[in-house]
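File shown here: protein-v5.tsv, holding TSV, C-alpha atoms.
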```tsv
chain	number	residue	atom	x	y	z
I	1	MET	CA	67.23	90.85	86.71
I	2	LYS	CA	67.04	93.52	89.39
I	3	THR	CA	68.18	96.98	88.27
I	4	LYS	CA	71.85	97.65	88.95
I	5	ARG	CA	73.63	101.00	88.72
I	6	ILE	CA	77.23	101.28	87.62
I	7	ASN	CA	79.90	103.71	86.46
I	8	LEU	CA	82.15	103.10	83.47
I	9	ALA	CA	85.83	104.01	83.16
I	10	LEU	CA	86.96	103.90	79.53
I	11	GLN	CA	90.65	103.71	78.68
I	12	GLY	CA	92.20	105.31	75.63
I	13	GLY	CA	94.25	103.44	73.05
I	14	GLY	CA	93.68	104.73	69.53
I	15	ALA	CA	92.09	102.20	67.18
I	16	HIS	CA	92.06	99.66	70.01
I	17	GLY	CA	89.22	101.75	71.43
I	18	ALA	CA	86.96	99.74	69.12
I	19	PHE	CA	87.22	97.02	71.79
I	20	ALA	CA	85.29	99.34	74.13
I	21	TRP	CA	82.80	99.94	71.30
I	22	GLY	CA	82.02	96.22	71.40
I	23	VAL	CA	81.84	96.21	75.21
I	24	LEU	CA	79.41	99.15	75.27
I	25	ASP	CA	77.34	97.69	72.45
I	26	ARG	CA	76.86	94.51	74.48
I	27	LEU	CA	76.16	96.26	77.79
I	28	LEU	CA	73.49	98.38	76.11
I	29	ASP	CA	71.52	95.20	75.42
I	30	GLU	CA	70.76	94.88	79.14
I	31	ASP	CA	67.90	97.13	80.24
I	32	TRP	CA	68.51	96.23	83.90
I	33	LEU	CA	71.96	97.80	83.75
I	34	VAL	CA	71.87	101.55	84.38
I	35	ILE	CA	74.98	103.59	83.55
I	36	GLU	CA	75.11	106.57	85.91
I	37	GLY	CA	78.63	107.93	85.34
I	38	VAL	CA	81.29	107.68	82.63
I	39	SER	CA	84.93	108.74	82.77
I	40	GLY	CA	86.83	108.50	79.50
I	41	THR	CA	90.20	109.42	78.10
I	42	SER	CA	91.32	109.73	74.47
I	43	ALA	CA	89.43	107.02	72.52
I	44	GLY	CA	87.55	106.46	75.78
I	45	ALA	CA	86.44	110.09	75.71
I	46	LEU	CA	85.14	109.63	72.15
I	47	ASN	CA	83.28	106.48	73.17
I	48	GLY	CA	81.97	108.22	76.29
I	49	ALA	CA	80.66	111.21	74.31
I	50	ALA	CA	78.87	108.94	71.82
I	51	LEU	CA	77.40	106.87	74.65
I	52	LYS	CA	76.27	109.84	76.74
I	53	ALA	CA	74.63	111.66	73.82
I	54	GLY	CA	72.58	108.61	72.95
I	55	LEU	CA	71.57	107.68	76.50
I	56	ALA	CA	70.47	111.27	77.09
I	57	LEU	CA	67.36	110.41	75.05
I	58	GLY	CA	66.33	107.95	77.76
I	59	GLY	CA	64.94	104.41	77.80
I	60	ALA	CA	65.16	101.93	74.95
I	61	ALA	CA	65.35	104.78	72.43
I	62	GLY	CA	68.41	106.09	74.25
I	63	ARG	CA	70.15	102.73	74.15
I	64	ARG	CA	69.46	102.43	70.41
I	65	ALA	CA	70.71	105.99	69.85
I	66	ALA	CA	73.91	105.24	71.80
I	67	LYS	CA	74.56	102.17	69.62
I	68	GLN	CA	73.92	104.25	66.52
I	69	ASN	CA	76.37	106.92	67.68
I	70	LEU	CA	79.09	104.38	68.46
I	71	THR	CA	78.72	102.67	65.09
I	72	TYR	CA	78.89	106.02	63.32
I	73	LEU	CA	81.94	107.06	65.33
I	74	TRP	CA	84.01	104.00	64.47
I	75	ASN	CA	82.89	103.90	60.84
I	76	GLN	CA	84.09	107.48	60.52
I	77	VAL	CA	87.38	106.75	62.28
I	78	SER	CA	87.95	104.00	59.74
I	79	ASP	CA	87.06	106.32	56.84
I	80	VAL	CA	89.55	109.03	57.83
I	81	SER	CA	92.40	106.51	58.05
I	82	ASP	CA	95.04	106.85	55.33
I	83	ASN	CA	96.18	103.27	55.81
I	84	ARG	CA	94.76	101.99	52.52
I	85	VAL	CA	97.39	99.27	52.17
I	86	VAL	CA	96.43	97.52	55.39
I	87	ARG	CA	92.73	98.01	54.62
I	88	TRP	CA	93.06	96.29	51.26
I	89	ILE	CA	95.09	93.36	52.61
I	90	SER	CA	92.76	92.88	55.59
I	91	SER	CA	89.70	92.88	53.34
I	92	VAL	CA	91.17	90.21	51.05
I	93	LEU	CA	92.31	87.68	53.65
I	94	PRO	CA	93.09	87.40	57.36
I	95	MET	CA	96.80	87.51	58.17
I	96	PRO	CA	98.80	85.50	60.68
I	97	HIS	CA	100.52	87.57	63.34
I	98	GLY	CA	103.97	87.33	61.74
I	99	MET	CA	102.73	88.45	58.34
I	100	GLN	CA	100.76	91.30	59.93
I	101	ARG	CA	103.93	92.63	61.57
I	102	TRP	CA	105.80	92.33	58.23
I	103	THR	CA	103.17	94.35	56.38
I	104	GLU	CA	103.14	96.99	59.11
I	105	MET	CA	106.79	97.77	58.33
I	106	PHE	CA	105.76	98.99	54.87
I	107	THR	CA	102.51	100.75	55.68
I	108	PRO	CA	101.76	104.47	56.12
I	109	ALA	CA	101.47	103.84	59.87
I	110	ALA	CA	105.15	102.83	60.04
I	111	TRP	CA	106.14	105.79	57.90
I	112	LEU	CA	103.99	108.07	60.06
I	113	GLU	CA	105.72	106.86	63.20
I	114	ASN	CA	109.07	107.87	61.73
I	115	LEU	CA	107.83	111.12	60.21
I	116	THR	CA	106.43	112.37	63.52
I	117	ARG	CA	109.99	112.42	64.86
I	118	ILE	CA	111.02	115.07	62.33
I	119	ILE	CA	107.74	116.73	61.27
I	120	SER	CA	105.45	118.61	63.66
I	121	PRO	CA	101.68	119.01	63.23
I	122	TYR	CA	102.43	122.73	63.29
I	123	ASP	CA	104.38	122.42	60.02
I	124	SER	CA	101.14	122.17	58.00
I	125	GLY	CA	100.44	125.88	58.41
I	126	PRO	CA	96.91	127.13	57.60
I	127	PHE	CA	95.93	123.79	56.06
I	128	TYR	CA	95.78	122.00	59.42
I	129	SER	CA	92.49	120.61	60.69
I	130	ASN	CA	91.66	118.12	63.41
I	131	PRO	CA	89.72	115.23	61.78
I	132	LEU	CA	88.00	114.31	65.06
I	133	ARG	CA	86.03	117.54	65.31
I	134	PRO	CA	83.61	116.89	62.39
I	135	ILE	CA	83.12	113.30	63.55
I	136	LEU	CA	81.83	114.56	66.89
I	137	THR	CA	79.69	117.37	65.50
I	138	GLU	CA	78.08	115.16	62.85
I	139	MET	CA	77.14	112.19	65.04
I	140	PRO	CA	73.47	111.19	64.63
I	141	HIS	CA	72.93	112.39	68.21
I	142	PRO	CA	75.69	114.95	68.89
I	143	VAL	CA	74.68	116.61	72.20
I	144	PHE	CA	76.78	115.06	74.95
I	145	TRP	CA	76.93	118.10	77.24
I	146	SER	CA	73.31	118.13	78.39
I	147	ASP	CA	72.18	117.45	81.97
I	148	LYS	CA	70.32	114.34	80.82
I	149	GLY	CA	71.75	110.85	80.77
I	150	PRO	CA	74.82	109.65	82.67
I	151	ARG	CA	77.38	112.11	83.97
I	152	LEU	CA	80.34	112.31	81.63
I	153	TYR	CA	83.91	113.25	82.50
I	154	VAL	CA	86.77	113.48	80.01
I	155	SER	CA	90.41	114.06	80.93
I	156	ALA	CA	93.17	115.99	79.18
I	157	THR	CA	96.74	116.95	80.06
I	158	ASN	CA	97.69	120.60	80.52
I	159	VAL	CA	100.77	121.07	78.32
I	160	ARG	CA	102.20	123.90	80.43
I	161	THR	CA	101.74	122.39	83.91
I	162	GLY	CA	101.69	118.68	83.09
I	163	ARG	CA	98.59	118.27	85.28
I	164	ILE	CA	95.34	116.55	84.55
I	165	ARG	CA	92.19	118.55	83.87
I	166	VAL	CA	88.84	116.82	84.05
I	167	PHE	CA	86.03	118.31	81.98
I	168	GLY	CA	82.47	117.65	83.12
I	169	GLY	CA	79.07	119.31	83.24
I	170	GLN	CA	79.03	122.70	81.56
I	171	GLN	CA	82.74	122.42	80.72
I	172	LEU	CA	82.07	119.56	78.31
I	173	SER	CA	82.51	120.49	74.66
I	174	VAL	CA	83.78	119.18	71.35
I	175	ALA	CA	87.06	120.92	72.14
I	176	ALA	CA	87.34	119.09	75.47
I	177	VAL	CA	86.90	115.68	73.83
I	178	THR	CA	89.36	116.46	71.02
I	179	ALA	CA	91.82	117.69	73.67
I	180	SER	CA	91.47	114.37	75.50
I	181	ALA	CA	92.34	112.56	72.25
I	182	CYS	CA	95.12	114.92	71.17
I	183	LEU	CA	98.24	112.86	70.54
I	184	PRO	CA	100.89	115.62	70.34
I	185	THR	CA	102.84	113.97	67.51
I	186	LEU	CA	99.72	113.89	65.32
I	187	PHE	CA	97.58	116.85	66.38
I	188	ARG	CA	98.16	120.39	67.49
I	189	ALA	CA	97.44	121.10	71.14
I	190	VAL	CA	93.82	122.07	71.73
I	191	GLU	CA	93.44	125.44	73.43
I	192	ILE	CA	90.60	125.87	75.95
I	193	GLU	CA	89.95	128.67	78.40
I	194	ASP	CA	90.53	127.87	82.05
I	195	PRO	CA	87.55	129.30	83.99
I	196	ALA	CA	89.71	129.65	87.11
I	197	THR	CA	92.18	132.00	85.43
I	198	GLY	CA	90.33	133.24	82.37
I	199	LYS	CA	93.38	132.32	80.31
I	200	SER	CA	93.61	129.95	77.39
I	201	GLU	CA	95.51	126.74	78.15
I	202	ALA	CA	96.83	124.14	75.71
I	203	TYR	CA	95.97	120.47	76.20
I	204	TRP	CA	97.30	117.13	75.01
I	205	ASP	CA	96.01	113.57	75.31
I	206	GLY	CA	94.64	112.73	78.74
I	207	GLY	CA	96.34	109.34	78.75
I	208	TYR	CA	99.53	110.90	80.08
I	209	THR	CA	97.87	111.86	83.37
I	210	GLY	CA	94.72	109.78	83.71
I	211	ASN	CA	93.89	106.74	81.58
I	212	PRO	CA	91.15	106.95	82.65
I	213	ALA	CA	90.67	109.15	85.71
I	214	LEU	CA	88.68	107.28	88.36
I	215	PHE	CA	88.43	109.98	91.01
I	216	PRO	CA	85.52	111.90	89.35
I	217	LEU	CA	83.46	108.75	89.90
I	218	TYR	CA	84.03	108.78	93.67
I	219	ASP	CA	81.21	111.31	94.10
I	220	ALA	CA	78.83	110.16	96.82
I	221	SER	CA	75.78	110.48	94.55
I	222	LEU	CA	77.21	107.98	92.03
I	223	PRO	CA	77.18	104.18	92.45
I	224	ARG	CA	80.04	102.43	94.23
I	225	ASP	CA	80.74	100.18	91.25
I	226	ILE	CA	83.33	101.24	88.67
I	227	VAL	CA	83.60	98.96	85.64
I	228	ILE	CA	86.94	99.63	83.94
I	229	VAL	CA	87.18	98.77	80.25
I	230	ASN	CA	90.87	98.00	79.79
I	231	ILE	CA	92.53	98.55	76.43
I	232	ASN	CA	96.20	98.73	77.37
I	233	PRO	CA	97.25	95.25	78.56
I	234	MET	CA	97.87	95.01	82.28
I	235	MET	CA	100.40	92.20	81.82
I	236	ARG	CA	102.66	90.77	79.12
I	237	ASP	CA	104.23	87.36	79.63
I	238	ALA	CA	106.90	87.79	76.95
I	239	ILE	CA	109.90	90.04	77.55
I	240	PRO	CA	110.16	92.58	74.69
I	241	ARG	CA	113.42	92.27	72.77
I	242	THR	CA	113.16	94.26	69.55
I	243	PRO	CA	113.44	98.08	69.67
I	244	ALA	CA	109.82	98.44	68.56
I	245	ASP	CA	108.53	95.95	71.15
I	246	ILE	CA	110.52	97.63	73.91
I	247	GLN	CA	109.11	101.04	73.01
I	248	ASP	CA	105.60	99.59	72.82
I	249	ARG	CA	105.83	98.16	76.32
I	250	ILE	CA	107.28	101.42	77.69
I	251	ASN	CA	104.24	103.22	76.27
I	252	GLU	CA	101.83	100.67	77.73
I	253	ILE	CA	103.36	100.91	81.20
I	254	SER	CA	103.36	104.72	81.01
I	255	PHE	CA	99.72	104.89	79.94
I	256	ASN	CA	98.69	102.44	82.70
I	257	ALA	CA	100.67	104.21	85.44
I	258	SER	CA	97.98	106.66	86.53
I	259	LEU	CA	95.32	103.93	86.60
I	260	MET	CA	97.54	101.67	88.68
I	261	SER	CA	98.17	104.53	91.09
I	262	GLU	CA	94.44	105.10	91.60
I	263	LEU	CA	93.78	101.38	91.99
I	264	ARG	CA	96.53	101.22	94.62
I	265	ALA	CA	94.81	104.06	96.52
I	266	ILE	CA	91.46	102.25	96.31
I	267	ASN	CA	93.10	99.09	97.62
I	268	PHE	CA	94.57	101.05	100.53
I	269	VAL	CA	91.13	102.42	101.44
I	270	LYS	CA	89.71	98.90	101.28
I	271	ARG	CA	92.31	97.73	103.78
I	272	LEU	CA	91.36	100.57	106.11
I	273	TYR	CA	87.69	99.56	105.83
I	274	ALA	CA	88.56	95.93	106.53
I	275	GLU	CA	90.49	97.01	109.63
I	276	GLU	CA	87.55	99.25	110.71
I	277	ARG	CA	89.76	102.33	110.79
I	278	LEU	CA	87.45	104.65	108.84
I	279	HIS	CA	84.74	105.41	111.39
I	280	ASP	CA	82.91	108.67	110.55
I	281	ARG	CA	85.24	109.42	107.63
I	282	PRO	CA	83.60	110.30	104.28
I	283	MET	CA	85.63	107.89	102.14
I	284	LYS	CA	83.89	105.78	99.53
I	285	ASN	CA	84.53	102.04	99.48
I	286	VAL	CA	84.61	101.64	95.70
I	287	LEU	CA	83.78	98.30	94.08
I	288	VAL	CA	86.13	97.58	91.17
I	289	HIS	CA	85.41	95.48	88.09
I	290	MET	CA	87.31	95.08	84.81
I	291	ILE	CA	86.37	94.03	81.30
I	292	MET	CA	89.50	93.10	79.39
I	293	ASP	CA	91.09	90.72	76.92
I	294	ASP	CA	94.80	90.79	77.63
I	295	VAL	CA	95.35	87.80	75.34
I	296	LEU	CA	94.04	89.80	72.38
I	297	MET	CA	95.95	92.94	73.37
I	298	ASN	CA	99.15	90.91	73.74
I	299	ASP	CA	98.69	89.83	70.15
I	300	LEU	CA	98.69	93.48	69.00
I	301	ASN	CA	101.26	96.25	69.18
I	302	ALA	CA	101.21	100.00	69.61
I	303	ARG	CA	101.47	100.68	65.88
I	304	SER	CA	98.13	98.97	65.30
I	305	LYS	CA	96.56	101.74	67.39
I	306	LEU	CA	97.23	104.02	64.41
I	307	MET	CA	95.74	101.59	61.88
I	308	PRO	CA	91.92	101.69	62.08
I	309	ALA	CA	91.43	99.26	59.20
I	310	PRO	CA	87.83	97.94	58.98
I	311	GLY	CA	88.95	94.33	59.49
I	312	MET	CA	90.80	95.15	62.68
I	313	LEU	CA	88.01	97.35	64.04
I	314	HIS	CA	85.49	94.57	63.41
I	315	ARG	CA	87.76	92.10	65.22
I	316	MET	CA	88.12	94.50	68.15
I	317	LYS	CA	84.37	95.09	68.37
I	318	GLN	CA	83.63	91.35	68.36
I	319	ALA	CA	86.24	90.79	71.06
I	320	GLY	CA	84.68	93.54	73.16
I	321	GLN	CA	81.22	92.04	72.80
I	322	ALA	CA	82.52	88.62	73.82
I	323	ALA	CA	84.41	90.06	76.80
I	324	ALA	CA	81.32	91.94	78.00
I	325	SER	CA	79.16	88.82	77.64
I	326	ALA	CA	81.67	86.79	79.66
I	327	PHE	CA	81.80	89.51	82.31
I	328	LEU	CA	78.01	89.56	82.63
I	329	ASP	CA	77.86	85.75	82.82
I	330	ASP	CA	80.56	85.59	85.49
I	331	HIS	CA	80.10	88.77	87.50
I	332	ALA	CA	76.62	90.24	87.07
I	333	ASP	CA	75.74	89.07	90.59
I	334	ALA	CA	78.80	90.87	91.98
I	335	LEU	CA	77.61	94.27	90.75
I	336	ASN	CA	76.40	96.47	93.63
I	337	HIS	CA	77.58	93.80	96.11
I	338	HIS	CA	81.35	93.18	95.95
I	339	ASP	CA	84.47	93.56	93.82
I	340	SER	CA	85.09	91.17	90.95
I	341	VAL	CA	88.77	92.19	90.74
I	342	ASP	CA	91.32	90.95	93.26
I	343	LEU	CA	93.24	94.17	93.82
I	344	ALA	CA	95.47	92.58	96.44
I	345	GLY	CA	96.42	89.92	93.89
I	346	LEU	CA	97.00	92.55	91.23
I	347	PHE	CA	99.53	94.38	93.38
I	348	SER	CA	101.18	91.22	94.63
I	349	GLY	CA	101.86	90.22	91.02
I	350	VAL	CA	99.77	87.04	91.01
I	351	MET	CA	97.00	88.29	88.77
I	352	ALA	CA	96.93	85.96	85.78
I	353	LEU	CA	96.80	87.00	82.15
I	354	ARG	CA	93.09	87.01	81.34
I	355	ALA	CA	90.78	86.88	78.40
I	356	GLU	CA	87.09	87.51	79.05
I	357	GLY	CA	85.52	85.55	76.23
```
Could you render the structure from this file as structure tokens?
Amino acid sequence: MKTKRINLALQGGGAHGAFAWGVLDRLLDEDWLVIEGVSGTSAGALNGAALKAGLALGGAAGRRAAKQNLTYLWNQVSDVSDNRVVRWISSVLPMPHGMQRWTEMFTPAAWLENLTRIISPYDSGPFYSNPLRPILTEMPHPVFWSDKGPRLYVSATNVRTGRIRVFGGQQLSVAAVTASACLPTLFRAVEIEDPATGKSEAYWDGGYTGNPALFPLYDASLPRDIVIVNINPMMRDAIPRTPADIQDRINEISFNASLMSELRAINFVKRLYAEERLHDRPMKNVLVHMIMDDVLMNDLNARSKLMPAPGMLHRMKQAGQAAASAFLDDHADALNHHDSVDLAGLFSGVMALRAEG
């Protein structure tokens, strides 16, 4: 197939980020597909760093290195999990959805959710350490801040101002990626110097302000196509009724809010282009694509994001591979030509619940 250039936008979502692992693993099989830019948040920032560092090697070797990095990343995420109960049960036999929810009530993840309401990550004193840092520094190919390979942008939330900060180019660092993945109930805020002020600023998870941020990919030198890898479900058919389900859906809506806002802006620009009202204005007519499996994500809940059991990660990776394969089968011809997402339908509420795969 003719070479096609794209950007990737990788959502965050804890252990559900293994879905994007599967998506990236499948996309890396296609040598005609060139990834020019990546914007990632939280787990998407981790995936983006692993992908960028591998692709920086170039060619087929770079694609193999990126796959190696991603496999290492998610194996390590599984290893640092304390959820041994769920691991053991998942390794013995697959569970129906109802039984899975029952076991979650008695797992460390459920206890952790309650403990974070009364215990702060600052209560651990000098014994605190962020487990994501060594995972990033010990990747087989750890250098994701070089000028080679796709451009990488990771987003974090400034604790003091509540504003998004996008790290790219020379500002990329292990600290920036851990800041992007810093859930404030689990990790201490990551402090990074602001070059504009020379002062140290504290950062939390980027999902609060950009999950993921699309605007860094609007640069004129990057392709028009943005392929969004969705982790948080766009739609849920069932109305949540239990306290846990209600809180889960609140979190999903909150973490999708910034993305929906940017997509609404893109849709507005598209209408202006269609009405020929943008003569001589430097506004990019972005082409939007999505790789998602809302059926799978509807079958999960927010607590499973904290449970990176090997069985679940393997399921998520396989689902991501299947979703990417379905996307390529259905929409490869659309890349570099037209959108494969009906944004007008999305905002009119007629976009159906989808599973790619």
As an NGL selection string, please: the residues near region 310-319 of chain I (cut-off 6 Å, all atoms listed in the file, same-chain neighbours under 4 positions excluded). :I and (18-19 or 21-22 or 90)
Do you know which residues are at most 10 Å from region 209-216 of chain I counting only C-alpha atoms, after dropping those on the same chain fewer than 6 positions away, and could you put them as number ranges by chain? I: 7-13, 37-42, 44-45, 151-158, 162-168, 180, 222, 226, 228-232, 254-263, 266
For Asn298 (chain I), list every protein, DNA or RNA residue within 7 Å, evaluated using all atoms listed in the file, and leave out those in the same chain fewer than 4 positions away; present the list as number ranges by chain. I: 233, 236, 294
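Reported to one decimal place, the separation of CA of Ser78 (chain I) from CA of Leu28 (chain I) is 22.6 Å.
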Centre and edge lengths, as AutoDock Vina command-line options, for the axis-aligned box enclosing every listed atom of region 19-22 of chain I with 5 Å of padding on each of the six sides, in Å to one decimal?
```
--center_x 84.6 --center_y 98.1 --center_z 72.7 --size_x 15.2 --size_y 13.7 --size_z 12.8
```
Atom pair CA of Trp145 (chain I) / CA of Pro195 (chain I): separation (Å): 16.8 Å
Taking all atoms listed in the file into account, which of I:Met297, I:His16, I:Ser173, I:Ala322 comes nearest Leu136 (chain I)? I:Ser173
What lies within 9 Å of Val159 (chain I) using only C-alpha atoms, ignoring chain neighbours under 6 positions off, as a compact mmCIF listing (two decimals) with C-alpha atoms, keeping the file's coordinate frame?
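So the final result, stored in selection_27.txt, reads:
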```txt
# COMPACT_ATOMS: atom_id res chain seq x y z
CA ALA I 189 97.44 121.10 71.14
CA GLU I 201 95.51 126.74 78.15
CA ALA I 202 96.83 124.14 75.71
CA TYR I 203 95.97 120.47 76.20
CA TRP I 204 97.30 117.13 75.01
```
